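Quick look at input_27.txt (compact mmCIF, C-alpha atoms (C1' of nucleotides)):
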# COMPACT_ATOMS: atom_id res chain seq x y z
CA MET U 27 0.00 0.00 0.00
CA LEU U 28 1.34 3.38 -0.99
CA THR U 29 0.59 5.48 2.06
CA GLN U 30 1.22 8.73 0.20
CA LEU U 31 -1.80 7.91 -1.96
CA GLN U 32 -4.21 7.12 0.86
CA LEU U 33 -7.08 9.56 0.84
CA GLY U 34 -6.70 10.20 4.56
CA ASN U 35 -3.13 11.41 4.06
CA GLN U 36 -4.02 13.87 1.33
CA LEU U 37 -4.54 17.56 1.79
CA CYS U 38 -6.21 17.88 -1.56
CA PHE U 39 -9.27 15.82 -0.76
CA PRO U 40 -10.51 17.64 2.36
CA LEU U 41 -9.96 20.90 0.51
CA TYR U 42 -11.96 19.75 -2.49
CA ALA U 43 -14.69 18.18 -0.38
CA SER U 44 -14.96 21.06 2.09
CA SER U 45 -15.33 23.51 -0.72
CA ARG U 46 -18.18 21.48 -2.19
CA LEU U 47 -19.90 21.01 1.16
CA ILE U 48 -19.69 24.72 1.99
CA THR U 49 -21.16 25.48 -1.41
CA ARG U 50 -24.05 23.14 -0.65
CA LEU U 51 -24.65 24.85 2.69
CA TYR U 52 -24.76 28.25 1.01
CA GLN U 53 -27.15 26.96 -1.60
CA GLU U 54 -29.86 26.65 1.02
CA TYR U 55 -29.78 30.41 1.53
CA LEU U 56 -29.12 31.34 -2.09
CA THR U 57 -31.72 29.26 -3.90
CA PRO U 58 -34.62 31.36 -2.53
CA LEU U 59 -32.94 34.37 -4.16
CA GLY U 60 -32.48 32.50 -7.44
CA LEU U 61 -28.69 32.51 -7.06
CA THR U 62 -26.07 29.82 -7.39
CA TYR U 63 -22.91 29.98 -5.30
CA PRO U 64 -20.61 31.17 -8.12
CA GLN U 65 -23.21 33.81 -8.98
CA TYR U 66 -23.14 34.93 -5.35
CA ILE U 67 -19.34 35.24 -5.50
CA VAL U 68 -19.67 37.38 -8.62
CA MET U 69 -22.37 39.53 -7.01
CA MET U 70 -20.06 40.16 -4.04
CA ILE U 71 -17.42 41.40 -6.45
CA LEU U 72 -19.95 43.62 -8.20
CA TRP U 73 -21.29 45.09 -4.95
CA GLU U 74 -17.74 46.22 -4.30
CA HIS U 75 -16.62 47.25 -7.77
CA ALA U 76 -19.52 47.79 -10.17
CA PRO U 77 -19.61 49.22 -12.70
CA CYS U 78 -16.60 47.29 -13.95
CA SER U 79 -15.54 45.21 -16.92
CA ILE U 80 -15.85 41.44 -17.21
CA LYS U 81 -12.06 41.36 -17.15
CA VAL U 82 -12.01 42.91 -13.67
CA VAL U 83 -14.63 40.48 -12.39
CA GLY U 84 -12.59 37.62 -13.82
CA ASP U 85 -9.40 38.86 -12.18
CA LYS U 86 -11.09 39.03 -8.77
CA ALA U 87 -13.02 35.76 -9.04
CA LEU U 88 -10.19 33.96 -10.85
CA LEU U 89 -12.65 32.93 -13.53
CA ASN U 90 -12.31 33.19 -17.30
CA THR U 91 -14.84 34.52 -19.75
CA ASN U 92 -15.89 31.03 -20.81
CA THR U 93 -17.37 30.74 -17.31
CA LEU U 94 -18.30 34.38 -16.76
CA THR U 95 -20.03 35.27 -20.01
CA PRO U 96 -22.90 32.79 -19.55
CA LEU U 97 -23.00 33.34 -15.78
CA LEU U 98 -23.37 37.09 -16.24
CA LYS U 99 -26.07 36.57 -18.86
CA ARG U 100 -28.01 34.57 -16.28
CA LEU U 101 -27.55 37.32 -13.69
CA GLU U 102 -28.86 39.75 -16.27
CA GLN U 103 -31.90 37.56 -16.95
CA LEU U 104 -32.50 37.44 -13.19
CA GLY U 105 -32.56 41.24 -13.31
CA TYR U 106 -29.68 41.78 -10.90
CA ILE U 107 -27.28 43.38 -13.41
CA HIS U 108 -27.11 44.80 -16.88
CA ARG U 109 -24.35 44.66 -19.46
CA GLN U 110 -23.22 47.54 -21.63
CA ARG U 111 -20.38 48.01 -24.09
CA ALA U 112 -18.01 50.76 -22.98
CA ASP U 113 -17.92 53.84 -25.20
CA SER U 114 -14.25 54.48 -24.51
CA ASP U 115 -13.16 50.97 -25.51
CA GLU U 116 -15.67 48.91 -27.40
CA ARG U 117 -13.91 45.67 -26.51
CA MET U 118 -15.05 46.04 -22.91
CA VAL U 119 -18.45 45.08 -21.53
CA LEU U 120 -19.24 47.03 -18.38
CA ILE U 121 -21.36 45.31 -15.75
CA HIS U 122 -23.75 47.57 -13.86
CA LEU U 123 -25.88 46.70 -10.82
CA SER U 124 -29.62 47.07 -11.33
CA GLU U 125 -31.81 48.33 -8.50
CA ALA U 126 -32.71 44.74 -7.69
CA GLY U 127 -29.00 44.01 -7.60
CA VAL U 128 -28.48 46.70 -5.01
CA VAL U 129 -31.42 45.49 -2.93
CA LEU U 130 -30.03 41.97 -3.15
CA GLN U 131 -26.99 43.03 -1.15
CA GLN U 132 -29.21 43.84 1.81
CA GLN U 133 -31.02 40.53 1.40
CA CYS U 134 -27.68 38.70 1.51
CA SER U 135 -26.18 40.66 4.37
CA GLU U 136 -26.97 38.12 7.09
CA ILE U 137 -26.03 34.99 5.16
CA PRO U 138 -22.39 34.72 6.26
CA ALA U 139 -23.30 35.00 9.95
CA GLN U 140 -26.22 32.59 9.57
CA LEU U 141 -23.93 30.10 7.92
CA VAL U 142 -21.37 30.22 10.71
CA THR U 143 -24.14 29.64 13.26
CA LYS U 144 -25.65 26.79 11.29
CA LEU U 145 -22.26 25.19 10.82
CA GLY U 146 -21.73 25.09 14.56
CA VAL U 147 -17.95 25.36 14.35
CA GLU U 148 -16.09 27.72 16.66
CA PRO U 149 -15.54 30.98 14.79
CA ALA U 150 -11.93 30.87 15.98
CA ALA U 151 -11.31 27.71 13.95
CA LEU U 152 -12.84 29.31 10.87
CA LEU U 153 -10.69 32.38 11.38
CA SER U 154 -7.48 30.35 11.58
CA LEU U 155 -8.57 28.48 8.49
CA LYS U 156 -9.06 31.72 6.62
CA LYS U 157 -5.68 33.01 7.83
CA LEU U 158 -3.92 29.86 6.63
CA LEU U 159 -5.66 29.92 3.25
CA ASP U 160 -4.81 33.58 2.78
CA GLU U 161 -1.21 32.68 3.55
CA ILE U 162 -1.05 29.93 0.95
CA PHE U 163 -3.17 31.67 -1.64
CA PRO U 164 -0.46 33.84 -3.23
CA ALA U 165 1.67 30.76 -3.94
CA LEU U 166 -1.29 29.15 -5.65
CA CYS U 167 -1.96 32.23 -7.74
CA GLU U 168 1.61 32.29 -9.02
CA HIS U 169 0.85 29.12 -10.94
CA ILE U 170 -1.93 30.56 -13.06
CA ASP U 171 -1.19 32.35 -16.27
CA ASN U 172 -4.36 34.14 -17.28
CA MET W 10 -20.63 49.21 2.25
CA LEU W 11 -21.50 45.98 4.00
CA THR W 12 -18.15 44.79 5.26
CA GLN W 13 -19.46 41.30 5.97
CA LEU W 14 -20.03 40.88 2.24
CA GLN W 15 -16.60 42.02 1.12
CA LEU W 16 -14.82 39.20 -0.65
CA GLY W 17 -11.68 39.79 1.39
CA ASN W 18 -13.59 39.12 4.61
CA GLN W 19 -15.08 35.85 3.45
CA LEU W 20 -13.77 32.43 4.29
CA CYS W 21 -15.81 30.82 1.57
CA PHE W 22 -14.04 32.44 -1.34
CA PRO W 23 -10.43 31.44 -0.58
CA LEU W 24 -11.69 27.93 0.10
CA TYR W 25 -13.54 27.77 -3.21
CA ALA W 26 -10.71 29.36 -5.16
CA SER W 27 -7.93 27.35 -3.51
CA SER W 28 -9.74 24.15 -4.26
CA ARG W 29 -10.01 25.09 -7.93
CA LEU W 30 -6.39 26.22 -8.16
CA ILE W 31 -5.09 23.03 -6.53
CA THR W 32 -7.20 21.04 -8.99
CA ARG W 33 -5.60 22.93 -11.85
CA LEU W 34 -2.13 22.22 -10.47
CA TYR W 35 -2.90 18.50 -10.26
CA GLN W 36 -4.25 18.52 -13.78
CA GLU W 37 -0.75 19.10 -15.12
CA TYR W 38 0.34 15.74 -13.71
CA LEU W 39 -2.94 13.91 -14.37
CA THR W 40 -3.63 14.87 -17.99
CA PRO W 41 -0.69 12.78 -19.28
CA LEU W 42 -2.35 9.78 -17.61
CA GLY W 43 -5.72 10.66 -19.14
CA LEU W 44 -7.19 11.43 -15.72
CA THR W 45 -9.21 14.32 -14.38
CA TYR W 46 -8.90 15.37 -10.76
CA PRO W 47 -12.19 13.81 -9.59
CA GLN W 48 -11.22 10.61 -11.41
CA TYR W 49 -7.92 10.66 -9.51
CA ILE W 50 -9.81 11.00 -6.22
CA VAL W 51 -11.95 8.01 -7.14
CA MET W 52 -8.88 5.99 -8.17
CA MET W 53 -7.31 6.70 -4.77
CA ILE W 54 -10.41 5.28 -3.13
CA LEU W 55 -10.30 2.23 -5.38
CA TRP W 56 -6.59 1.58 -4.74
CA GLU W 57 -7.52 1.36 -1.09
CA HIS W 58 -10.86 -0.44 -1.27
CA ALA W 59 -11.44 -2.19 -4.59
CA PRO W 60 -13.32 -4.32 -5.28
CA CYS W 61 -16.16 -2.33 -3.77
CA SER W 62 -19.60 -1.06 -4.72
CA ILE W 63 -20.39 2.32 -6.21
CA LYS W 64 -22.16 3.10 -2.96
CA VAL W 65 -18.92 2.70 -1.00
CA VAL W 66 -17.02 4.89 -3.47
CA GLY W 67 -19.74 7.49 -3.14
CA ASP W 68 -19.61 7.41 0.65
CA LYS W 69 -15.85 7.96 0.65
CA ALA W 70 -15.76 10.59 -2.09
CA LEU W 71 -18.99 12.26 -0.93
CA LEU W 72 -20.32 11.97 -4.46
CA ASN W 73 -23.67 10.66 -5.64
CA THR W 74 -24.34 8.25 -8.44
CA ASN W 75 -25.38 11.01 -10.80
CA THR W 76 -21.73 12.05 -10.71
CA LEU W 77 -20.14 8.64 -10.22
CA THR W 78 -21.95 6.53 -12.80
CA PRO W 79 -20.64 8.47 -15.80
CA LEU W 80 -17.25 9.06 -14.17
CA LEU W 81 -16.79 5.33 -13.58
CA LYS W 82 -17.85 4.56 -17.13
CA ARG W 83 -15.08 6.86 -18.33
CA LEU W 84 -12.56 5.14 -16.05
CA GLU W 85 -13.70 1.84 -17.54
CA GLN W 86 -13.26 3.16 -21.08
CA LEU W 87 -9.76 4.28 -20.08
CA GLY W 88 -9.13 0.69 -19.06
CA TYR W 89 -8.33 1.41 -15.41
CA ILE W 90 -11.34 -0.41 -13.91
CA HIS W 91 -14.15 -2.74 -14.81
CA ARG W 92 -17.68 -2.90 -13.52
CA GLN W 93 -19.55 -6.05 -12.61
CA ARG W 94 -22.94 -6.73 -11.04
CA ALA W 95 -22.61 -8.56 -7.74
CA ASP W 96 -23.99 -12.09 -7.67
CA SER W 97 -25.02 -11.85 -4.04
CA ASP W 98 -27.03 -8.67 -4.54
CA GLU W 99 -27.82 -7.72 -8.10
CA ARG W 100 -28.53 -4.13 -7.16
CA MET W 101 -24.82 -3.59 -6.55
CA VAL W 102 -22.18 -2.87 -9.17
CA LEU W 103 -18.75 -3.90 -7.96
CA ILE W 104 -15.81 -1.86 -9.20
CA HIS W 105 -12.63 -3.84 -9.82
CA LEU W 106 -9.18 -2.50 -10.65
CA SER W 107 -7.76 -3.68 -13.96
CA GLU W 108 -4.05 -4.39 -14.32
CA ALA W 109 -3.58 -0.95 -15.82
CA GLY W 110 -5.41 0.42 -12.80
CA VAL W 111 -2.93 -1.24 -10.47
CA VAL W 112 0.02 0.00 -12.51
CA LEU W 113 -1.47 3.48 -12.45
CA GLN W 114 -1.00 3.63 -8.70
CA GLN W 115 2.76 3.34 -9.15
CA GLN W 116 2.66 5.99 -11.85
CA CYS W 117 0.83 8.35 -9.48
CA SER W 118 2.93 7.65 -6.42
CA GLU W 119 5.17 10.67 -6.75
CA ILE W 120 2.51 13.20 -7.65
CA PRO W 121 1.67 14.46 -4.13
CA ALA W 122 5.32 15.11 -3.31
CA GLN W 123 5.94 16.74 -6.70
CA LEU W 124 2.98 18.98 -6.14
CA VAL W 125 4.20 20.17 -2.75
CA THR W 126 7.59 20.96 -4.25
CA LYS W 127 6.10 22.77 -7.22
CA LEU W 128 3.80 24.74 -4.96
CA GLY W 129 6.76 26.06 -3.01
CA VAL W 130 4.84 26.42 0.25
CA GLU W 131 6.36 25.21 3.51
CA PRO W 132 5.07 21.70 4.18
CA ALA W 133 4.35 22.81 7.75
CA ALA W 134 1.75 25.30 6.52
CA LEU W 135 0.11 22.60 4.40
CA LEU W 136 0.08 20.25 7.37
CA SER W 137 -1.65 22.78 9.62
CA LEU W 138 -4.13 23.44 6.85
CA LYS W 139 -4.90 19.75 6.62
CA LYS W 140 -5.24 19.49 10.40
CA LEU W 141 -7.67 22.40 10.50
CA LEU W 142 -9.75 21.05 7.62
CA ASP W 143 -9.90 17.61 9.22
CA GLU W 144 -11.10 19.34 12.38
CA ILE W 145 -13.91 21.19 10.62
CA PHE W 146 -14.82 18.40 8.26
CA PRO W 147 -17.11 16.39 10.57
CA ALA W 148 -19.27 19.45 11.21
CA LEU W 149 -19.64 19.93 7.46
CA CYS W 150 -20.55 16.30 6.92
CA GLU W 151 -23.34 16.50 9.48
CA HIS W 152 -25.21 18.76 7.10
CA ILE W 153 -25.45 16.27 4.26
CA ASP W 154 -28.25 13.78 4.07
CA ASN W 155 -27.27 11.24 1.46
C1' DT B 9 0.53 53.94 -42.09
C1' DT B 10 0.12 49.34 -43.08
C1' DT B 11 0.83 45.44 -40.37
C1' DA B 12 1.69 42.69 -36.38
C1' DA B 13 0.84 41.91 -31.58
C1' DT B 14 -2.17 42.47 -27.73
C1' DT B 15 -6.50 42.79 -25.30
C1' DG B 16 -11.37 41.83 -24.02
C1' DT B 17 -15.10 39.06 -24.94
C1' DA B 18 -17.55 35.15 -26.88
C1' DT B 19 -18.18 30.28 -28.32
C1' DC B 20 -17.48 25.22 -28.37
C1' DG B 21 -16.72 20.74 -26.28
C1' DT B 22 -15.98 17.82 -22.26
C1' DG B 23 -16.48 16.62 -17.60
C1' DC B 24 -17.90 17.35 -13.24
C1' DA B 25 -21.71 18.53 -9.31
C1' DC B 26 -26.16 18.10 -7.87
C1' DG B 27 -31.40 18.31 -7.41
C1' DA B 28 -35.05 15.53 -9.03
C1' DT B 29 -36.85 11.41 -10.66
C1' DA B 30 -37.03 6.49 -12.19
C1' DT B 31 -36.36 1.53 -11.75
C1' DA B 32 -35.15 -2.94 -10.42
C1' DA B 33 -33.59 -5.85 -6.55
C1' DT B 34 -33.95 -6.73 -1.78
C1' DT B 35 -35.88 -6.48 2.81
C1' DG B 36 -39.45 -5.88 6.25
C1' DT B 37 -44.19 -6.30 7.93
C1' DG B 38 -48.82 -7.84 8.60
C1' DC R 10 -47.46 -15.00 0.98
C1' DA R 11 -48.58 -10.13 -0.71
C1' DC R 12 -47.05 -5.64 -0.68
C1' DA R 13 -45.03 -1.57 1.12
C1' DA R 14 -40.58 0.43 2.25
C1' DT R 15 -35.77 0.55 1.46
C1' DT R 16 -31.54 0.25 -1.17
C1' DA R 17 -28.30 0.64 -5.15
C1' DT R 18 -27.84 2.37 -9.42
C1' DA R 19 -29.09 5.04 -13.51
C1' DT R 20 -30.94 9.04 -16.09
C1' DC R 21 -32.20 13.91 -17.01
C1' DG R 22 -31.58 18.86 -16.84
C1' DT R 23 -29.00 22.92 -15.43
C1' DG R 24 -24.97 25.37 -14.29
C1' DC R 25 -20.41 25.74 -13.50
C1' DA R 26 -14.99 25.10 -14.76
C1' DC R 27 -11.71 25.13 -18.13
C1' DG R 28 -8.80 24.10 -22.38
C1' DA R 29 -8.98 25.55 -27.03
C1' DT R 30 -10.26 28.59 -30.49
C1' DA R 31 -12.22 32.72 -32.78
C1' DC R 32 -12.79 37.53 -33.51
C1' DA R 33 -13.17 42.39 -33.30
C1' DA R 34 -11.17 46.59 -31.15
C1' DT R 35 -7.04 48.70 -29.71
C1' DT R 36 -2.17 49.48 -29.44
C1' DA R 37 2.66 49.04 -30.89
C1' DA R 38 6.21 48.78 -34.25
C1' DA R 39 8.42 48.92 -38.56

Hey, can you dump this file as structure tokens for me?
Amino acid sequence: MLTQLQLGNQLCFPLYASSRLITRLYQEYLTPLGLTYPQYIVMMILWEHAPCSIKVVGDKALLNTNTLTPLLKRLEQLGYIHRQRADSDERMVLIHLSEAGVVLQQQCSEIPAQLVTKLGVEPAALLSLKKLLDEIFPALCEHIDN
Amino acid sequence: MLTQLQLGNQLCFPLYASSRLITRLYQEYLTPLGLTYPQYIVMMILWEHAPCSIKVVGDKALLNTNTLTPLLKRLEQLGYIHRQRADSDERMVLIHLSEAGVVLQQQCSEIPAQLVTKLGVEPAALLSLKKLLDEIFPALCEHIDN
DNA sequence: TTTAATTGTATCGTGCACGATATAATTGTG
DNA sequence: CACAATTATATCGTGCACGATACAATTAAA
């Protein structure tokens, strides 16, 4: 038996599985708003930076246009954003928040806290987890060449 | 501005993004073997537990049959496994490793170590990350009702 | 100032994830 | 023994992810 290939000895698996499980937990709060988890991530970026180009959204979310273009079209259909070619540079599509998109931020404001409560893990553990991930994150980002 | 909805203050985003970036890093080593990352996860389970039912694989990988059935069919087409209805209980499909599947384990044996090197993060940091995730994992699992 | 390189977005194809549903085999109960 | 409940797997539909490719708008260079 190759111990280095046992699932229990891998970092990668708990990371992959935790990410999926957290996404599922979020879904419970997001589905009533018509949102998926990646859409929620994108909305968080837009609440902070809209109006901004798809490129900027992609840089923040680490997602390419082959994911973002259809995702943003769905957000537009939901009425949370609208898309508009920039006058200054017609290559760019600027994403604007609609009024519903602004209201949505209020509707989402309690989700993170509710999730922590529901999860029932000490906030301290979650904070150390975030600190560790933030520490490792830059190294991970160095290996992407978008 | 709702600070609780700023991406930088979220735990969920670095978790989601790290998981995807790690997957991408693995892909570099897996593509030459014809594997995707989820297929690699499943192969790790099979190296440890084959022959076993799809149910068992699903329990270990936290994946349902709607993901596993097609994934396992692809692994079979690749020649790494074969599927066989159990005689004792014809509801079950037993997954067996093929010879190529056994050889594959040797071919994958150095990947985890290579990845850590390539990543260039102190192994200690990765170890604490794994410890923390393992700590939080049970709480996450309580919220799934497969 | 043509032309080449770059940039921002879109499209295509494949493979997950996952909710919902279906179905056949087995088990449990009256 | 019937027959309802459970179990294991499969299928369908939608929405990510992401490699590969295409293309039009802009910029740089000869």

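Of the listed residues W:Cys61, W:Leu149, W:Leu77, W:Leu135, the one whose atoms come nearest to Pro47 (chain W) is W:Leu77, with distances taken using all atoms listed in the file.
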
Atomic separation - CA of Thr76 (chain W) relative to C1' of DA25 (chain B), Å: 6.6 Å

Calculate how many Å separate C1' of DG22 (chain R) from CA of Asn75 (chain W), rounding to one decimal. 11.7 Å

How far is it from CA of Leu120 (chain U) to CA of His108 (chain U), in Å with one decimal? 8.3 Å

Compute the set of chain U residues within 7 Å of chain B, using all atoms listed in the file, and express it as a PyMOL selection string. chain U and resi 81+91+117-118

Which residues of chain R come within 10 Å of chain U, and for each one, what is the closest pair of atoms and their distance in Å to one decimal, counting all atoms listed in the file, sorted by chain and residue number, as a Markdown table?
| residue | atom | partner | partner_atom | distance |
| --- | --- | --- | --- | --- |
| R:DG24 | C1' | U:Thr62 | CA | 8.3 |
| R:DC25 | C1' | U:Thr93 | CA | 7.0 |
| R:DA26 | C1' | U:Thr93 | CA | 6.6 |
| R:DC27 | C1' | U:Asn92 | CA | 7.7 |
| R:DA33 | C1' | U:Arg117 | CA | 7.6 |
| R:DA34 | C1' | U:Arg117 | CA | 5.5 |
| R:DT35 | C1' | U:Asp115 | CA | 7.8 |

At a cut-off of 6 Å, which residues of chain W touch chain U? Count only C-alpha atoms and give the answer as a VMD selection string. chain W and resid 20 24 to 25 28 139

At a cut-off of 9 Å, using all atoms listed in the file, what residues contact Gly60 (chain U)? Leave out same-chain residues fewer than 3 positions from it and give the result as a PDB file with C-alpha atoms, in the coordinates of the input.
ATOM      1  CA  LEU U  56     -29.120  31.340  -2.090  1.00  0.00           C
ATOM      2  CA  THR U  57     -31.720  29.260  -3.900  1.00  0.00           C
ATOM      3  CA  LEU U 104     -32.500  37.440 -13.190  1.00  0.00           C
TER       4      LEU U 104
END

Contacts of Ala76 (chain U) at 8 Å or less, counting all atoms listed in the file, minus same-chain residues fewer than 5 places along, as a PyMOL selection string? chain U and resi 71+121-123

Export, as a compact mmCIF listing (two decimals), in the frame of the given file, the selected residues with C-alpha atoms.
# COMPACT_ATOMS: atom_id res chain seq x y z
CA ILE U 71 -17.42 41.40 -6.45
CA ILE U 121 -21.36 45.31 -15.75
CA HIS U 122 -23.75 47.57 -13.86
CA LEU U 123 -25.88 46.70 -10.82

The residue from W:Leu113, W:Val125, W:Val102, W:Val66 with the smallest atom-to-atom distance to DT18 (chain R), counting only C-alpha atoms (C1' of nucleotides), is W:Val102

Only C-alpha atoms (C1' of nucleotides), as a PDB file, in the first residue's frame: that is what I want for chain R.
ATOM      1  C1'  DC R  10     -47.456 -15.003   0.981  1.00  0.00           C
ATOM      2  C1'  DA R  11     -48.579 -10.135  -0.710  1.00  0.00           C
ATOM      3  C1'  DC R  12     -47.051  -5.645  -0.676  1.00  0.00           C
ATOM      4  C1'  DA R  13     -45.033  -1.565   1.121  1.00  0.00           C
ATOM      5  C1'  DA R  14     -40.576   0.430   2.252  1.00  0.00           C
ATOM      6  C1'  DT R  15     -35.767   0.554   1.457  1.00  0.00           C
ATOM      7  C1'  DT R  16     -31.540   0.253  -1.171  1.00  0.00           C
ATOM      8  C1'  DA R  17     -28.302   0.641  -5.153  1.00  0.00           C
ATOM      9  C1'  DT R  18     -27.836   2.372  -9.420  1.00  0.00           C
ATOM     10  C1'  DA R  19     -29.086   5.037 -13.514  1.00  0.00           C
ATOM     11  C1'  DT R  20     -30.935   9.043 -16.093  1.00  0.00           C
ATOM     12  C1'  DC R  21     -32.198  13.908 -17.014  1.00  0.00           C
ATOM     13  C1'  DG R  22     -31.584  18.860 -16.845  1.00  0.00           C
ATOM     14  C1'  DT R  23     -29.004  22.923 -15.432  1.00  0.00           C
ATOM     15  C1'  DG R  24     -24.972  25.365 -14.287  1.00  0.00           C
ATOM     16  C1'  DC R  25     -20.406  25.741 -13.498  1.00  0.00           C
ATOM     17  C1'  DA R  26     -14.990  25.101 -14.765  1.00  0.00           C
ATOM     18  C1'  DC R  27     -11.709  25.133 -18.129  1.00  0.00           C
ATOM     19  C1'  DG R  28      -8.799  24.103 -22.384  1.00  0.00           C
ATOM     20  C1'  DA R  29      -8.979  25.547 -27.031  1.00  0.00           C
ATOM     21  C1'  DT R  30     -10.262  28.588 -30.493  1.00  0.00           C
ATOM     22  C1'  DA R  31     -12.217  32.717 -32.780  1.00  0.00           C
ATOM     23  C1'  DC R  32     -12.793  37.534 -33.513  1.00  0.00           C
ATOM     24  C1'  DA R  33     -13.168  42.392 -33.300  1.00  0.00           C
ATOM     25  C1'  DA R  34     -11.170  46.587 -31.151  1.00  0.00           C
ATOM     26  C1'  DT R  35      -7.045  48.696 -29.712  1.00  0.00           C
ATOM     27  C1'  DT R  36      -2.174  49.481 -29.444  1.00  0.00           C
ATOM     28  C1'  DA R  37       2.661  49.041 -30.889  1.00  0.00           C
ATOM     29  C1'  DA R  38       6.206  48.777 -34.247  1.00  0.00           C
ATOM     30  C1'  DA R  39       8.422  48.923 -38.557  1.00  0.00           C
TER      31       DA R  39
END
